[in-house]
Amino acid sequence: MTQPLNADVPQAGGKRSREEAGSENALTSAVEDVDSKPVLIRRSLRQNAQKTCPYMDTINRHLLDFDFEKVCSVSNVHLNVYMCLVCGKYFAGRGQGTPAFQHCLEQQHHVFMKTSNGKVYCLPDNYEVLDASVKDIRAVLHPTYDNQHISRLDNDMVYGRGLDGTDYIPGSVGLNNVRATDYVNVVVQALAKVRPLRDYFLDSAHSSFDSAFATRFGALLRKIWNPDNFKGHVSPHELLQAMSVMSNRRFSFDKQSDPAEFFPWLLNTLHSELTGGNKAASSVVTEVFQGRVQVTSRDLRRGGSPSTKQLPFLHLTLDLPPTPLYRDDQERNIIPQVPLLNLLEKFDGETEKQDIMGIGRKYRIAKLPQYVIMHMKRFVKNTQQALEKNPTIVNFPLKNLDLAPYVTEECLASLGGGSCRYELVAQVIHDGTHEDGTFKAHVLHPANEQWYEIQDLHITEVLPQIVGIAETYIQVYRRQSQ
């Protein structure tokens, strides 16, 4: 289970004074929702629902933003929260004495939407409004997808249009950079292009989980693919808050982090949250990304028989060759290039890697996942323990990457003639130096087979030739069909 996201809410188990308990009870009573009333009262209120409301023309869609945490702006309570559809602020409750009721009286704002179910109410009369004109607002608050819609996402080219008139492509939209969160944005953009993971979270059966972290990750994916957004970008604010809590601020808003560290943490955390902490159980994460690697080890100093074991992996780490120490004849820095197939020789079962303890290891892939994540070890520490960037360009194919030479015979036999070839669907690149560089994402939009470069809110088309020569850092490959 995840930790509570609201740090100001008192935790059970501590001793409180009579005044504190009374204050909390008063606050709970103030925000108590009418939906929690007895059945007869709720039935009476529903009978008073009206199809029209004289204040519907006061709704200002330009001020509505559902990307931020649904917390009352007055009491900081996250239960029974409503959005004022006139000013876009969040308030708790709607009965007399609640922040929403007081806001209505003070500001003459009368139309409120409950964030948990999208129902609209008119205050202070407190009746439900049954008006079809707010359907578009509900589609932004809680995007929904049926199975037919999901099955056509990669085939039908769809454009959305924001309230400001700008067009956007659902599935390839910008993400706000909240202080220093580009490392989060590029990973989310890459995962949004992983079809089985995307389809799982877009399915209405998986719209809510016991885990707040998994729920917010799914909500972000649904917003990224929503063709009815009011704007052509999304803020990952709610996911970032849950991420900061889950990682004990290892990953946070205001501190730059490494996407190569965040990527596996995110996958492992999602798997743990989806399985209730049972790491041995299966989840959509392990079904899509988990493979196995066969490791043969031997002690090169003492000798002895080698030992072999298989280990699970969610990503493969590839070592770049060292950067040249000298300049060329024209006194320019040499930027070396290396084929991806050379880096993959690490997994040919013959190349032996020796660690500082004198243990030699040979690797070979024993199970190929649907999607293979590769991490180029581009940032390394020098002799002074300072982090440096290796600028080596990795030459790689966008399609038909053959991994057959790097898998065991048992793995080939288990595929039954299936494909060992993969195609690139997304990659994270790094531009600039280690100190002031930026992370960007290259993603392939399947409906039009167009590559896009996404840096936070900025989206531009990019040629496949440019994708192939960028300073790739993390790559996501999909197994091709036979």
# chains A, B, ... in the order shown; residues from 1 in each chain; ligands from 1
call {"tool": "residues_around", "arguments": {"residues": "Glu287 in chain A", "least_positions_apart": "6", "cutoff": "10 Å", "atoms": "only C-alpha atoms", "output": "list in words"}}
result
Pro196, Leu197, Pro369, Gln370 and Tyr371 of chain A
call {"tool": "residues_around", "arguments": {"residues": "Glu449 in chain A", "least_positions_apart": "5", "cutoff": "12 Å", "atoms": "only C-alpha atoms", "output": "list in words"}}
result
Asp154, Asn155, Asp156, Met157, Leu398, Leu424, Val425, Val443, Leu444, Glu461, Val462, Leu463 and Pro464 of chain A
call {"tool": "atom_distance", "arguments": {"atom1": "CA of Trp225 in chain A", "atom2": "CA of Leu153 in chain A"}}
result
8.8 Å
call {"tool": "closest_residue", "arguments": {"among": "A:Asp254, A:Asp125, A:Asp136, A:Glu453", "to": "Gly95 in chain A", "atoms": "only C-alpha atoms"}}
result
A:Asp125
call {"tool": "select_by_dssp", "arguments": {"residues": "range 167-335 of chain A", "states": "helix (DSSP H, G or I)", "output": "PyMOL selection string"}}
result
chain A and resi 182-191+195-202+204-206+212-224+237-246+259-274+284-289
call {"tool": "atom_distance", "arguments": {"atom1": "CA of Ala180 in chain A", "atom2": "CA of Ile429 in chain A"}}
result
16.4 Å
call {"tool": "closest_atom_pairs", "arguments": {"of": "range 133-196 of chain A", "to": "range 58-81 of chain A", "cutoff": "10 Å", "atoms": "only C-alpha atoms", "output": "Markdown table"}}
result
| residue | atom | partner | partner_atom | distance |
| --- | --- | --- | --- | --- |
| A:Val134 | CA | A:Ile59 | CA | 9.4 |
| A:Asp136 | CA | A:Arg61 | CA | 9.7 |
| A:Ile137 | CA | A:Arg61 | CA | 7.9 |
| A:Val140 | CA | A:Phe66 | CA | 7.4 |
| A:Leu141 | CA | A:Phe66 | CA | 5.9 |
| A:His142 | CA | A:Phe66 | CA | 9.1 |
| A:Gly162 | CA | A:His62 | CA | 9.8 |
| A:Leu163 | CA | A:His62 | CA | 7.0 |
| A:Asp164 | CA | A:His62 | CA | 8.6 |
call {"tool": "select_by_dssp", "arguments": {"residues": "range 405-463 of chain A", "states": "strand (DSSP E)", "output": "PDB file with all heavy atoms, in the first residue's frame"}}
result
ATOM      1  N   ARG A 421      13.565 -10.505 -34.106  1.00  0.00           N
ATOM      2  CA  ARG A 421      13.864  -9.180 -34.629  1.00  0.00           C
ATOM      3  C   ARG A 421      13.002  -8.125 -33.936  1.00  0.00           C
ATOM      4  O   ARG A 421      11.836  -8.363 -33.638  1.00  0.00           O
ATOM      5  CB  ARG A 421      13.636  -9.124 -36.144  1.00  0.00           C
ATOM      6  CG  ARG A 421      14.599 -10.032 -36.920  1.00  0.00           C
ATOM      7  CD  ARG A 421      14.374  -9.938 -38.420  1.00  0.00           C
ATOM      8  NE  ARG A 421      15.313 -10.801 -39.138  1.00  0.00           N
ATOM      9  CZ  ARG A 421      16.526 -10.446 -39.514  1.00  0.00           C
ATOM     10  NH1 ARG A 421      16.948  -9.213 -39.255  1.00  0.00           N
ATOM     11  NH2 ARG A 421      17.308 -11.281 -40.153  1.00  0.00           N
ATOM     12  N   TYR A 422      13.623  -6.984 -33.716  1.00  0.00           N
ATOM     13  CA  TYR A 422      12.963  -5.911 -32.965  1.00  0.00           C
ATOM     14  C   TYR A 422      13.034  -4.607 -33.744  1.00  0.00           C
ATOM     15  O   TYR A 422      13.937  -4.392 -34.556  1.00  0.00           O
ATOM     16  CB  TYR A 422      13.630  -5.734 -31.592  1.00  0.00           C
ATOM     17  CG  TYR A 422      13.277  -6.816 -30.594  1.00  0.00           C
ATOM     18  CD1 TYR A 422      13.834  -8.094 -30.696  1.00  0.00           C
ATOM     19  CD2 TYR A 422      12.390  -6.564 -29.561  1.00  0.00           C
ATOM     20  CE1 TYR A 422      13.514  -9.090 -29.784  1.00  0.00           C
ATOM     21  CE2 TYR A 422      12.064  -7.551 -28.632  1.00  0.00           C
ATOM     22  CZ  TYR A 422      12.625  -8.800 -28.754  1.00  0.00           C
ATOM     23  OH  TYR A 422      12.299  -9.778 -27.847  1.00  0.00           O
ATOM     24  N   GLU A 423      12.069  -3.724 -33.456  1.00  0.00           N
ATOM     25  CA  GLU A 423      12.049  -2.380 -34.039  1.00  0.00           C
ATOM     26  C   GLU A 423      11.941  -1.342 -32.938  1.00  0.00           C
ATOM     27  O   GLU A 423      11.297  -1.561 -31.910  1.00  0.00           O
ATOM     28  CB  GLU A 423      10.888  -2.236 -35.030  1.00  0.00           C
ATOM     29  CG  GLU A 423       9.512  -2.447 -34.413  1.00  0.00           C
ATOM     30  CD  GLU A 423       8.407  -2.335 -35.444  1.00  0.00           C
ATOM     31  OE1 GLU A 423       8.643  -1.690 -36.485  1.00  0.00           O
ATOM     32  OE2 GLU A 423       7.316  -2.884 -35.217  1.00  0.00           O
ATOM     33  N   LEU A 424      12.577  -0.202 -33.151  1.00  0.00           N
ATOM     34  CA  LEU A 424      12.611   0.861 -32.150  1.00  0.00           C
ATOM     35  C   LEU A 424      11.271   1.599 -32.128  1.00  0.00           C
ATOM     36  O   LEU A 424      10.735   1.965 -33.177  1.00  0.00           O
ATOM     37  CB  LEU A 424      13.739   1.847 -32.467  1.00  0.00           C
ATOM     38  CG  LEU A 424      14.049   2.906 -31.414  1.00  0.00           C
ATOM     39  CD1 LEU A 424      14.697   2.269 -30.189  1.00  0.00           C
ATOM     40  CD2 LEU A 424      14.962   3.991 -31.987  1.00  0.00           C
ATOM     41  N   VAL A 425      10.739   1.836 -30.932  1.00  0.00           N
ATOM     42  CA  VAL A 425       9.498   2.607 -30.788  1.00  0.00           C
ATOM     43  C   VAL A 425       9.734   3.904 -30.016  1.00  0.00           C
ATOM     44  O   VAL A 425       8.935   4.842 -30.133  1.00  0.00           O
ATOM     45  CB  VAL A 425       8.391   1.786 -30.099  1.00  0.00           C
ATOM     46  CG1 VAL A 425       8.008   0.588 -30.952  1.00  0.00           C
ATOM     47  CG2 VAL A 425       8.809   1.338 -28.707  1.00  0.00           C
ATOM     48  N   ALA A 426      10.819   3.969 -29.230  1.00  0.00           N
ATOM     49  CA  ALA A 426      11.099   5.193 -28.464  1.00  0.00           C
ATOM     50  C   ALA A 426      12.535   5.148 -27.972  1.00  0.00           C
ATOM     51  O   ALA A 426      13.118   4.075 -27.803  1.00  0.00           O
ATOM     52  CB  ALA A 426      10.140   5.328 -27.281  1.00  0.00           C
ATOM     53  N   GLN A 427      13.087   6.320 -27.768  1.00  0.00           N
ATOM     54  CA  GLN A 427      14.411   6.401 -27.158  1.00  0.00           C
ATOM     55  C   GLN A 427      14.542   7.712 -26.394  1.00  0.00           C
ATOM     56  O   GLN A 427      13.915   8.719 -26.739  1.00  0.00           O
ATOM     57  CB  GLN A 427      15.527   6.277 -28.202  1.00  0.00           C
ATOM     58  CG  GLN A 427      15.704   7.471 -29.116  1.00  0.00           C
ATOM     59  CD  GLN A 427      16.968   7.363 -29.976  1.00  0.00           C
ATOM     60  OE1 GLN A 427      17.807   6.496 -29.762  1.00  0.00           O
ATOM     61  NE2 GLN A 427      17.102   8.245 -30.938  1.00  0.00           N
ATOM     62  N   VAL A 428      15.358   7.674 -25.351  1.00  0.00           N
ATOM     63  CA  VAL A 428      15.723   8.864 -24.588  1.00  0.00           C
ATOM     64  C   VAL A 428      17.114   9.274 -25.032  1.00  0.00           C
ATOM     65  O   VAL A 428      18.030   8.444 -25.092  1.00  0.00           O
ATOM     66  CB  VAL A 428      15.712   8.573 -23.074  1.00  0.00           C
ATOM     67  CG1 VAL A 428      16.204   9.792 -22.295  1.00  0.00           C
ATOM     68  CG2 VAL A 428      14.315   8.174 -22.622  1.00  0.00           C
ATOM     69  N   ILE A 429      17.295  10.547 -25.370  1.00  0.00           N
ATOM     70  CA  ILE A 429      18.595  11.053 -25.791  1.00  0.00           C
ATOM     71  C   ILE A 429      19.042  12.155 -24.835  1.00  0.00           C
ATOM     72  O   ILE A 429      18.226  12.711 -24.084  1.00  0.00           O
ATOM     73  CB  ILE A 429      18.560  11.588 -27.238  1.00  0.00           C
ATOM     74  CG1 ILE A 429      17.686  12.842 -27.327  1.00  0.00           C
ATOM     75  CG2 ILE A 429      18.070  10.516 -28.195  1.00  0.00           C
ATOM     76  CD1 ILE A 429      17.752  13.539 -28.672  1.00  0.00           C
ATOM     77  N   HIS A 430      20.347  12.454 -24.872  1.00  0.00           N
ATOM     78  CA  HIS A 430      20.887  13.525 -24.037  1.00  0.00           C
ATOM     79  C   HIS A 430      21.691  14.469 -24.910  1.00  0.00           C
ATOM     80  O   HIS A 430      22.610  14.052 -25.614  1.00  0.00           O
ATOM     81  CB  HIS A 430      21.775  12.957 -22.926  1.00  0.00           C
ATOM     82  CG  HIS A 430      22.261  13.999 -21.964  1.00  0.00           C
ATOM     83  ND1 HIS A 430      23.461  14.657 -22.118  1.00  0.00           N
ATOM     84  CD2 HIS A 430      21.689  14.502 -20.827  1.00  0.00           C
ATOM     85  CE1 HIS A 430      23.625  15.525 -21.129  1.00  0.00           C
ATOM     86  NE2 HIS A 430      22.569  15.452 -20.340  1.00  0.00           N
ATOM     87  N   ASP A 431      21.330  15.732 -24.876  1.00  0.00           N
ATOM     88  CA  ASP A 431      22.042  16.777 -25.620  1.00  0.00           C
ATOM     89  C   ASP A 431      22.835  17.637 -24.658  1.00  0.00           C
ATOM     90  O   ASP A 431      22.345  18.023 -23.592  1.00  0.00           O
ATOM     91  CB  ASP A 431      21.046  17.662 -26.385  1.00  0.00           C
ATOM     92  CG  ASP A 431      20.674  17.066 -27.728  1.00  0.00           C
ATOM     93  OD1 ASP A 431      21.305  16.068 -28.127  1.00  0.00           O
ATOM     94  OD2 ASP A 431      19.738  17.579 -28.370  1.00  0.00           O
ATOM     95  N   THR A 438      20.360  18.439 -21.590  1.00  0.00           N
ATOM     96  CA  THR A 438      18.926  18.225 -21.452  1.00  0.00           C
ATOM     97  C   THR A 438      18.559  16.840 -21.996  1.00  0.00           C
ATOM     98  O   THR A 438      19.208  16.327 -22.909  1.00  0.00           O
ATOM     99  CB  THR A 438      18.115  19.282 -22.222  1.00  0.00           C
ATOM    100  OG1 THR A 438      18.507  19.263 -23.614  1.00  0.00           O
ATOM    101  CG2 THR A 438      18.359  20.668 -21.650  1.00  0.00           C
ATOM    102  N   PHE A 439      17.507  16.276 -21.436  1.00  0.00           N
ATOM    103  CA  PHE A 439      16.980  14.998 -21.907  1.00  0.00           C
ATOM    104  C   PHE A 439      15.800  15.246 -22.830  1.00  0.00           C
ATOM    105  O   PHE A 439      14.951  16.098 -22.569  1.00  0.00           O
ATOM    106  CB  PHE A 439      16.547  14.125 -20.724  1.00  0.00           C
ATOM    107  CG  PHE A 439      17.682  13.649 -19.866  1.00  0.00           C
ATOM    108  CD1 PHE A 439      17.893  14.191 -18.607  1.00  0.00           C
ATOM    109  CD2 PHE A 439      18.546  12.661 -20.327  1.00  0.00           C
ATOM    110  CE1 PHE A 439      18.936  13.758 -17.807  1.00  0.00           C
ATOM    111  CE2 PHE A 439      19.602  12.224 -19.537  1.00  0.00           C
ATOM    112  CZ  PHE A 439      19.795  12.768 -18.273  1.00  0.00           C
ATOM    113  N   LYS A 440      15.761  14.495 -23.918  1.00  0.00           N
ATOM    114  CA  LYS A 440      14.669  14.567 -24.872  1.00  0.00           C
ATOM    115  C   LYS A 440      14.211  13.151 -25.201  1.00  0.00           C
ATOM    116  O   LYS A 440      14.932  12.176 -24.973  1.00  0.00           O
ATOM    117  CB  LYS A 440      15.103  15.282 -26.168  1.00  0.00           C
ATOM    118  CG  LYS A 440      15.640  16.685 -25.966  1.00  0.00           C
ATOM    119  CD  LYS A 440      16.119  17.284 -27.286  1.00  0.00           C
ATOM    120  CE  LYS A 440      16.727  18.666 -27.096  1.00  0.00           C
ATOM    121  NZ  LYS A 440      17.224  19.226 -28.382  1.00  0.00           N
ATOM    122  N   ALA A 441      13.016  13.055 -25.754  1.00  0.00           N
ATOM    123  CA  ALA A 441      12.483  11.754 -26.156  1.00  0.00           C
ATOM    124  C   ALA A 441      12.217  11.752 -27.655  1.00  0.00           C
ATOM    125  O   ALA A 441      11.699  12.734 -28.205  1.00  0.00           O
ATOM    126  CB  ALA A 441      11.194  11.444 -25.401  1.00  0.00           C
ATOM    127  N   HIS A 442      12.601  10.672 -28.308  1.00  0.00           N
ATOM    128  CA  HIS A 442      12.198  10.395 -29.687  1.00  0.00           C
ATOM    129  C   HIS A 442      11.165   9.284 -29.642  1.00  0.00           C
ATOM    130  O   HIS A 442      11.441   8.206 -29.112  1.00  0.00           O
ATOM    131  CB  HIS A 442      13.398   9.960 -30.534  1.00  0.00           C
ATOM    132  CG  HIS A 442      14.320  11.072 -30.901  1.00  0.00           C
ATOM    133  ND1 HIS A 442      15.607  10.874 -31.324  1.00  0.00           N
ATOM    134  CD2 HIS A 442      14.138  12.423 -30.914  1.00  0.00           C
ATOM    135  CE1 HIS A 442      16.178  12.039 -31.588  1.00  0.00           C
ATOM    136  NE2 HIS A 442      15.301  12.992 -31.333  1.00  0.00           N
ATOM    137  N   VAL A 443       9.981   9.553 -30.171  1.00  0.00           N
ATOM    138  CA  VAL A 443       8.904   8.558 -30.124  1.00  0.00           C
ATOM    139  C   VAL A 443       8.331   8.373 -31.520  1.00  0.00           C
ATOM    140  O   VAL A 443       8.244   9.313 -32.312  1.00  0.00           O
ATOM    141  CB  VAL A 443       7.791   8.967 -29.142  1.00  0.00           C
ATOM    142  CG1 VAL A 443       8.332   9.055 -27.721  1.00  0.00           C
ATOM    143  CG2 VAL A 443       7.145  10.286 -29.544  1.00  0.00           C
ATOM    144  N   LEU A 444       7.942   7.149 -31.810  1.00  0.00           N
ATOM    145  CA  LEU A 444       7.315   6.824 -33.090  1.00  0.00           C
ATOM    146  C   LEU A 444       5.810   6.766 -32.894  1.00  0.00           C
ATOM    147  O   LEU A 444       5.309   5.942 -32.121  1.00  0.00           O
ATOM    148  CB  LEU A 444       7.829   5.475 -33.604  1.00  0.00           C
ATOM    149  CG  LEU A 444       7.200   4.964 -34.910  1.00  0.00           C
ATOM    150  CD1 LEU A 444       7.542   5.893 -36.072  1.00  0.00           C
ATOM    151  CD2 LEU A 444       7.666   3.536 -35.205  1.00  0.00           C
ATOM    152  N   HIS A 445       5.086   7.667 -33.593  1.00  0.00           N
ATOM    153  CA  HIS A 445       3.627   7.625 -33.529  1.00  0.00           C
ATOM    154  C   HIS A 445       3.147   6.593 -34.537  1.00  0.00           C
ATOM    155  O   HIS A 445       3.363   6.746 -35.749  1.00  0.00           O
ATOM    156  CB  HIS A 445       3.034   8.997 -33.844  1.00  0.00           C
ATOM    157  CG  HIS A 445       1.583   9.108 -33.465  1.00  0.00           C
ATOM    158  ND1 HIS A 445       1.161   9.254 -32.162  1.00  0.00           N
ATOM    159  CD2 HIS A 445       0.453   9.050 -34.216  1.00  0.00           C
ATOM    160  CE1 HIS A 445      -0.156   9.307 -32.132  1.00  0.00           C
ATOM    161  NE2 HIS A 445      -0.604   9.180 -33.360  1.00  0.00           N
ATOM    162  N   GLN A 450       5.315   8.428 -38.038  1.00  0.00           N
ATOM    163  CA  GLN A 450       6.136   9.630 -37.981  1.00  0.00           C
ATOM    164  C   GLN A 450       6.884   9.677 -36.657  1.00  0.00           C
ATOM    165  O   GLN A 450       6.328   9.411 -35.592  1.00  0.00           O
ATOM    166  CB  GLN A 450       5.261  10.879 -38.124  1.00  0.00           C
ATOM    167  CG  GLN A 450       5.987  12.204 -37.912  1.00  0.00           C
ATOM    168  CD  GLN A 450       7.035  12.470 -38.968  1.00  0.00           C
ATOM    169  OE1 GLN A 450       6.743  12.417 -40.159  1.00  0.00           O
ATOM    170  NE2 GLN A 450       8.259  12.747 -38.545  1.00  0.00           N
ATOM    171  N   TRP A 451       8.171  10.028 -36.731  1.00  0.00           N
ATOM    172  CA  TRP A 451       8.970  10.217 -35.522  1.00  0.00           C
ATOM    173  C   TRP A 451       8.830  11.653 -35.030  1.00  0.00           C
ATOM    174  O   TRP A 451       8.796  12.599 -35.827  1.00  0.00           O
ATOM    175  CB  TRP A 451      10.446   9.917 -35.798  1.00  0.00           C
ATOM    176  CG  TRP A 451      10.756   8.454 -35.831  1.00  0.00           C
ATOM    177  CD1 TRP A 451      10.804   7.635 -36.920  1.00  0.00           C
ATOM    178  CD2 TRP A 451      11.060   7.624 -34.699  1.00  0.00           C
ATOM    179  NE1 TRP A 451      11.119   6.352 -36.551  1.00  0.00           N
ATOM    180  CE2 TRP A 451      11.289   6.312 -35.194  1.00  0.00           C
ATOM    181  CE3 TRP A 451      11.175   7.858 -33.332  1.00  0.00           C
ATOM    182  CZ2 TRP A 451      11.609   5.248 -34.361  1.00  0.00           C
ATOM    183  CZ3 TRP A 451      11.494   6.805 -32.493  1.00  0.00           C
ATOM    184  CH2 TRP A 451      11.708   5.519 -33.014  1.00  0.00           C
ATOM    185  N   TYR A 452       8.737  11.799 -33.703  1.00  0.00           N
ATOM    186  CA  TYR A 452       8.642  13.119 -33.085  1.00  0.00           C
ATOM    187  C   TYR A 452       9.712  13.246 -32.009  1.00  0.00           C
ATOM    188  O   TYR A 452      10.011  12.280 -31.298  1.00  0.00           O
ATOM    189  CB  TYR A 452       7.263  13.346 -32.459  1.00  0.00           C
ATOM    190  CG  TYR A 452       6.141  13.409 -33.462  1.00  0.00           C
ATOM    191  CD1 TYR A 452       5.398  12.267 -33.771  1.00  0.00           C
ATOM    192  CD2 TYR A 452       5.827  14.596 -34.106  1.00  0.00           C
ATOM    193  CE1 TYR A 452       4.367  12.315 -34.701  1.00  0.00           C
ATOM    194  CE2 TYR A 452       4.805  14.656 -35.040  1.00  0.00           C
ATOM    195  CZ  TYR A 452       4.083  13.513 -35.334  1.00  0.00           C
ATOM    196  OH  TYR A 452       3.070  13.564 -36.257  1.00  0.00           O
ATOM    197  N   GLU A 453      10.278  14.452 -31.911  1.00  0.00           N
ATOM    198  CA  GLU A 453      11.189  14.774 -30.822  1.00  0.00           C
ATOM    199  C   GLU A 453      10.416  15.607 -29.809  1.00  0.00           C
ATOM    200  O   GLU A 453       9.856  16.653 -30.148  1.00  0.00           O
ATOM    201  CB  GLU A 453      12.403  15.554 -31.328  1.00  0.00           C
ATOM    202  CG  GLU A 453      13.399  15.912 -30.218  1.00  0.00           C
ATOM    203  CD  GLU A 453      14.634  16.622 -30.745  1.00  0.00           C
ATOM    204  OE1 GLU A 453      15.532  15.924 -31.267  1.00  0.00           O
ATOM    205  OE2 GLU A 453      14.677  17.868 -30.655  1.00  0.00           O
ATOM    206  N   ILE A 454      10.368  15.142 -28.558  1.00  0.00           N
ATOM    207  CA  ILE A 454       9.596  15.819 -27.520  1.00  0.00           C
ATOM    208  C   ILE A 454      10.537  16.235 -26.397  1.00  0.00           C
ATOM    209  O   ILE A 454      11.207  15.395 -25.790  1.00  0.00           O
ATOM    210  CB  ILE A 454       8.483  14.907 -26.961  1.00  0.00           C
ATOM    211  CG1 ILE A 454       7.588  14.398 -28.094  1.00  0.00           C
ATOM    212  CG2 ILE A 454       7.655  15.654 -25.929  1.00  0.00           C
ATOM    213  CD1 ILE A 454       6.469  13.486 -27.628  1.00  0.00           C
ATOM    214  N   GLN A 455      10.586  17.523 -26.155  1.00  0.00           N
ATOM    215  CA  GLN A 455      11.325  18.074 -25.022  1.00  0.00           C
ATOM    216  C   GLN A 455      10.353  18.878 -24.184  1.00  0.00           C
ATOM    217  O   GLN A 455      10.033  20.021 -24.500  1.00  0.00           O
ATOM    218  CB  GLN A 455      12.495  18.950 -25.471  1.00  0.00           C
ATOM    219  CG  GLN A 455      13.303  19.519 -24.301  1.00  0.00           C
ATOM    220  CD  GLN A 455      14.408  20.460 -24.758  1.00  0.00           C
ATOM    221  OE1 GLN A 455      14.567  20.717 -25.956  1.00  0.00           O
ATOM    222  NE2 GLN A 455      15.161  20.992 -23.803  1.00  0.00           N
ATOM    223  N   HIS A 458       7.668  21.043 -25.974  1.00  0.00           N
ATOM    224  CA  HIS A 458       8.017  21.293 -27.367  1.00  0.00           C
ATOM    225  C   HIS A 458       8.034  19.979 -28.154  1.00  0.00           C
ATOM    226  O   HIS A 458       8.731  19.026 -27.783  1.00  0.00           O
ATOM    227  CB  HIS A 458       9.373  21.985 -27.459  1.00  0.00           C
ATOM    228  CG  HIS A 458       9.454  23.261 -26.671  1.00  0.00           C
ATOM    229  ND1 HIS A 458       8.830  24.419 -27.068  1.00  0.00           N
ATOM    230  CD2 HIS A 458      10.061  23.555 -25.485  1.00  0.00           C
ATOM    231  CE1 HIS A 458       9.057  25.375 -26.185  1.00  0.00           C
ATOM    232  NE2 HIS A 458       9.804  24.870 -25.212  1.00  0.00           N
ATOM    233  N   ILE A 459       7.274  19.961 -29.248  1.00  0.00           N
ATOM    234  CA  ILE A 459       7.155  18.766 -30.090  1.00  0.00           C
ATOM    235  C   ILE A 459       7.471  19.153 -31.528  1.00  0.00           C
ATOM    236  O   ILE A 459       6.875  20.091 -32.075  1.00  0.00           O
ATOM    237  CB  ILE A 459       5.745  18.172 -30.013  1.00  0.00           C
ATOM    238  CG1 ILE A 459       5.357  17.894 -28.550  1.00  0.00           C
ATOM    239  CG2 ILE A 459       5.641  16.889 -30.834  1.00  0.00           C
ATOM    240  CD1 ILE A 459       3.920  17.476 -28.385  1.00  0.00           C
ATOM    241  N   THR A 460       8.399  18.434 -32.133  1.00  0.00           N
ATOM    242  CA  THR A 460       8.749  18.696 -33.534  1.00  0.00           C
ATOM    243  C   THR A 460       8.898  17.372 -34.262  1.00  0.00           C
ATOM    244  O   THR A 460       9.295  16.358 -33.673  1.00  0.00           O
ATOM    245  CB  THR A 460      10.077  19.476 -33.639  1.00  0.00           C
ATOM    246  OG1 THR A 460      11.112  18.764 -32.945  1.00  0.00           O
ATOM    247  CG2 THR A 460       9.929  20.864 -33.039  1.00  0.00           C
ATOM    248  N   GLU A 461       8.574  17.385 -35.549  1.00  0.00           N
ATOM    249  CA  GLU A 461       8.813  16.209 -36.375  1.00  0.00           C
ATOM    250  C   GLU A 461      10.311  16.041 -36.586  1.00  0.00           C
ATOM    251  O   GLU A 461      11.056  17.022 -36.663  1.00  0.00           O
ATOM    252  CB  GLU A 461       8.109  16.343 -37.723  1.00  0.00           C
ATOM    253  CG  GLU A 461       6.591  16.339 -37.634  1.00  0.00           C
ATOM    254  CD  GLU A 461       5.943  16.378 -39.015  1.00  0.00           C
ATOM    255  OE1 GLU A 461       6.691  16.414 -40.025  1.00  0.00           O
ATOM    256  OE2 GLU A 461       4.695  16.354 -39.091  1.00  0.00           O
ATOM    257  N   VAL A 462      10.753  14.796 -36.670  1.00  0.00           N
ATOM    258  CA  VAL A 462      12.175  14.527 -36.853  1.00  0.00           C
ATOM    259  C   VAL A 462      12.323  13.375 -37.841  1.00  0.00           C
ATOM    260  O   VAL A 462      11.514  12.443 -37.877  1.00  0.00           O
ATOM    261  CB  VAL A 462      12.845  14.189 -35.498  1.00  0.00           C
ATOM    262  CG1 VAL A 462      12.239  12.953 -34.863  1.00  0.00           C
ATOM    263  CG2 VAL A 462      14.339  14.031 -35.651  1.00  0.00           C
TER     264      VAL A 462
END
call {"tool": "closest_residue", "arguments": {"among": "A:Gly349, A:Gly174, A:Pro405, A:Gly232", "to": "Leu457 in chain A", "atoms": "only C-alpha atoms"}}
result
A:Gly174
call {"tool": "closest_residue", "arguments": {"among": "A:Asp348, A:Asn342, A:Val187, A:Thr323", "to": "Val380 in chain A", "atoms": "only C-alpha atoms"}}
result
A:Thr323
call {"tool": "atom_distance", "arguments": {"atom1": "CA of Ser307 in chain A", "atom2": "CA of Gln294 in chain A"}}
result
10.4 Å
call {"tool": "closest_residue", "arguments": {"among": "A:Ile466, A:Leu401, A:Ile393, A:Leu221", "to": "Lys193 in chain A", "atoms": "only C-alpha atoms"}}
result
A:Leu221
call {"tool": "closest_residue", "arguments": {"among": "A:Phe262, A:Glu106, A:Asp456, A:Leu368", "to": "Val173 in chain A", "atoms": "only C-alpha atoms"}}
result
A:Asp456
